Structure formats: structure tokens, C-alpha cells
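Beneath this line is the structure, given in C-alpha cells, with notes to follow.
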Amino acid sequence: MTFAIIERMSENVLTVTQITQNIKEIIEGSFATITIEGEISNYRPNASGHLYFVLKDEGAQISAVMFKGKAASLSFPMKDGTKVHATGSLSVYAPQGKYQIVISRMEIAGEGDILRMIEERKRKLAEEGLFDESKKKVLPRYPRRVGIVTSPTGAAVRDILNIAKRRNPGISVAVLPAQVQGDGAAQTIAKQIKTANAYKICDVLIVGRGGGSLEDLLPFSEEEVVRAIAESEIPVVSAVGHEIDWALSDYAADVRAPTPSAAAEIVFTQKSEIIDEINAYRDAMKEKVESMIRDAKMELRTFDTSSMEIRLKAIIQPMKSRIENSKRIITEEMLKKVEESRRIVTTSVKTLEVANPENVLKRGFAIVTASGNRIVRRPEDVADGEHIGIKLSEGELVAKVTFP
């Protein structure tokens, strides 16, 4: 296409519009999607929400625009001097004969690598169960002391303390100072979380910092900090950066607050709310007691001497009837048992009388005994010539055995 333009230029005189249109077709057709690295300069916020600025390096610069719809997805605040990767397409603005990049996505240079690293770490820790919802602890409704792990000189701690003072000055605060960005920050954050648990310093912990770049917030995505939060016996609120900022500490914490100020609003129960609750319980209790007293008074009004006697009789009479009925039943059952026992005894006496040997002898029978008082039942029980005794109903006889 370039050669065609040159050829046409040698034959014809082109208007400015024609040459610009040709350039526009070449540039926009050749650079439909590109990524440029450069430094933001001459940033001009616009009331419409569009972003206008320049991307530059040591040798050149290019105009840039990011329209409102795409600008809403930015994860960092725009400011001159920030080095970025801008992805979009080249466009030629014919009225001014300028070319520019229309940006659809932009991130701080190097953030892509950081985001990939964080995402990989997130998957690993999630697989270990550090982010499981089942492990989340409930924040105490009325904490006595709140611990804050953050920079002692940052805006975050000032915001939290101001809100704490406004909402409930009766809750004590323990600031556990920590470095929140740069080398060694993750170690100091994790150490202070462990210290709070070891000495049971507080009932709930706020761990976080104010806003910053993705790199500034990186310590709160370090594995050491995430594990310390997940292992904390004290409930933890993660409050890192602004609402659009996310760190791995947010996933491990029991509660994620969009900002440190929001964390303070969550943790520090409004004193007036507590007073209102107490008053509500008091009023409910008072009403309940008064209702019980009213009911008791109404009951007492129905009692007098005559009615009491009637009521007592109404209670006692059924009981007396039941007692008399039980007495009658018991007496009848006892008489039945006595009669049954009498019949058994009579029958037993008759049986014994029938079996009495004396009575048998009176009927003409005798008892024959051999030597040793053996009862003789058969002839084989004695020997020929043996003397035997014969017991009669009256007296005894002695005889000598003689076999025929």
C-alpha cells in the first residue's frame, strides 16, 4: 500500500485530507491491537470521565486516551510519572493531523508478572484449604480490645482510631506496629499477628494499610502473612488498600473490609447501638414483669372465702373418690387371695390325711419290716427263716418267714 501511495503522489497532487486518510488507513490497519510501555505524562482528568494523557520514553511520546467505560476498570490511581503497559489500537485524529493510542486496558509495568504470581499462589493456598468458608470465625459482637496490625504512622491507623473514638471510646485499642511495604514487611506483619495470638492481646485483629500500588500491597499477599492470618485463633479483619484493591490476606481473613475505615465501622460497635439494645431489653423485661403482675392480680380478684372452699372441694372430692375406690379394690383383692389360700390349705390337709400311714393301718393294712427296719415289699426282700416285724394299727407282731 505504501508503494501505491508514492506512485499516486508522483502522478497527482493530493489534498491534505487525502494524504491524511491514506495515513489513517495505514496506521489503523497495521496497529489494530498493540501494547506500549511508557511513562504517564501531562495527565488531564476530564469531567466526562475520559482520561487524556501522554505516554513517553527517553526518545518520543504519543498522545493517549482512555474512555470512561474502560477507565472504570483501572486498578491504580492515575498520576504523572507512573510507568505503564497500555494495550489498545492506534488511531489518527484527522482534524488535527495527530495520531494517538486509544487504550482499552492498562496496568502498571511489571504488574502483569505480579498478578500471575499472586494468582498462582492463590491457587496453591486454596488447595490447602486456607480460604475455606467453613474455617471462618465470627467476629465478637462486643469486643473489649481491638488489635491493629499496621504502620503506626500511616493514614490507616489514624482513620481507624478516629472512628473508634467516635463510635465507642469504651473499647480499648492495641496498635501492633508493622512495616507494611518493602523488604521485610511480610515478616513483621506475620510476627505481630502471631504475637497478638501468643499473648492474647485482643478479641479481634484488624490487619491492613491504606492504598498503594500493586507492588506496595504485595506484602499482604505473601505466603507468610496469609498463613499467619489463617492460623490465627483471634478473628481477623483484612483491610488492605481501597475498595478495588484485593490481596490474598482478604481470602484468608474471617472478614474482608474494603478499606481500613470500613474495618473500623465493622469492628467497633456503635455505643449508641449498645445503649439502644440495652434499653430495648429493659423495656421488654419491664413490660413482661408488669404483664405477669397484672395477670396475677386478675387471678387474685377471683379468689374469696366461699369460692376457695368450692375450689378446694372441687379439687379434693375427685381425689377422695379415687382413694375410696382404690381402697375397695384392694380389700376385694385381698379377700380373694385369702379365700384362695384357704382352699389350697384345705385341699393340702385332705391330701396329707389320705397319705397318713396311721390311717392306712386303721383300714386293715400292716407294715412289714425285716432286720435293719427295712420295709418288706416283696418276698424276695427276706430270707427263709428270717424274723420279721408286723406293725398293726394297734400293736406289733413278730413272725418267722417260712416259704411254702
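Convention: chains lettered A, B, ... in C-alpha cells order; per-chain residue numbering from 1; ligands numbered from 1 as shown.
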
Shell around Ala156 of chain A at 12 Å using only C-alpha atoms, local window under 6 positions removed, as a list in words = Ile148, Val149, Thr150, Asn162, Ile163, Val175, Pro177, Val180, Ile206, Val207, Gly208, Arg209, Gly210, Gly211, Gly212, Ala239, Val240, Gly241, His242, Thr259, Pro260, Ser261, Ala262, Ala263 and Ala264 of chain A

Residues at most 8 Å from Ala178 of chain A, counting only C-alpha atoms, excluding those fewer than 5 positions away in the same chain, as a count of residues only?
-> 8

Would you return as a VMD selection string the members of segment 129-226 of chain A that DSSP assigns to strand (DSSP E or B) on this structure's backbone?
-> chain A and resid 145 to 150 172 to 177 204 to 209

Of the listed residues A:Met285, A:Leu139, A:Ala155, A:Val368, that which approaches Val236 of chain A most closely, counting only C-alpha atoms | A:Leu139

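With distances restricted to only C-alpha atoms, A:Ile244 is the closest residue to Ala257 of chain A from A:Thr15, A:Glu299, A:Ala86, A:Ile244.
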
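Of the residues listed (A:Leu248, A:Ala164, A:Ile193, A:Val13), A:Ala164 shows the shortest atom-to-atom separation from Lys271 of chain A; distances use only C-alpha atoms.
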
Just the residues within 8 Å of segment 28-31 of chain A, please, counting only C-alpha atoms, with nothing from its chain fewer than 6 positions along; format it as an MDAnalysis selection string.
-> chainID A and resid 89:92

Selected residues written out with all heavy atoms, as an mmCIF file, in the first residue's frame:
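What landed in out01.cif:
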data_model
loop_
_atom_site.group_PDB
_atom_site.id
_atom_site.type_symbol
_atom_site.label_atom_id
_atom_site.label_comp_id
_atom_site.auth_asym_id
_atom_site.auth_seq_id
_atom_site.Cartn_x
_atom_site.Cartn_y
_atom_site.Cartn_z
ATOM 1 N N SER A 89 -5.401 0.367 20.448
ATOM 2 C CA SER A 89 -5.194 0.465 18.999
ATOM 3 C C SER A 89 -4.806 1.895 18.629
ATOM 4 O O SER A 89 -5.214 2.850 19.299
ATOM 5 C CB SER A 89 -6.486 0.066 18.265
ATOM 6 O OG SER A 89 -7.550 0.907 18.666
ATOM 7 N N LEU A 90 -4.006 2.025 17.548
ATOM 8 C CA LEU A 90 -3.606 3.352 17.082
ATOM 9 C C LEU A 90 -4.726 3.960 16.253
ATOM 10 O O LEU A 90 -5.413 3.281 15.493
ATOM 11 C CB LEU A 90 -2.333 3.269 16.253
ATOM 12 C CG LEU A 90 -1.036 2.966 17.012
ATOM 13 C CD1 LEU A 90 0.152 3.073 16.075
ATOM 14 C CD2 LEU A 90 -0.851 3.890 18.211
ATOM 15 N N SER A 91 -4.903 5.250 16.455
ATOM 16 C CA SER A 91 -5.949 5.958 15.717
ATOM 17 C C SER A 91 -5.404 7.302 15.254
ATOM 18 O O SER A 91 -4.563 7.911 15.931
ATOM 19 C CB SER A 91 -7.174 6.158 16.633
ATOM 20 O OG SER A 91 -8.117 7.000 16.025
ATOM 21 N N VAL A 92 -5.843 7.758 14.113
ATOM 22 C CA VAL A 92 -5.442 9.068 13.579
ATOM 23 C C VAL A 92 -6.614 10.022 13.738
ATOM 24 O O VAL A 92 -7.741 9.736 13.306
ATOM 25 C CB VAL A 92 -5.032 8.973 12.101
ATOM 26 C CG1 VAL A 92 -4.765 10.367 11.536
ATOM 27 C CG2 VAL A 92 -3.809 8.086 11.948
#

Atom CA of Arg363 of chain A sits from atom CA of Lys350 of chain A at a separation of 16.6 Å
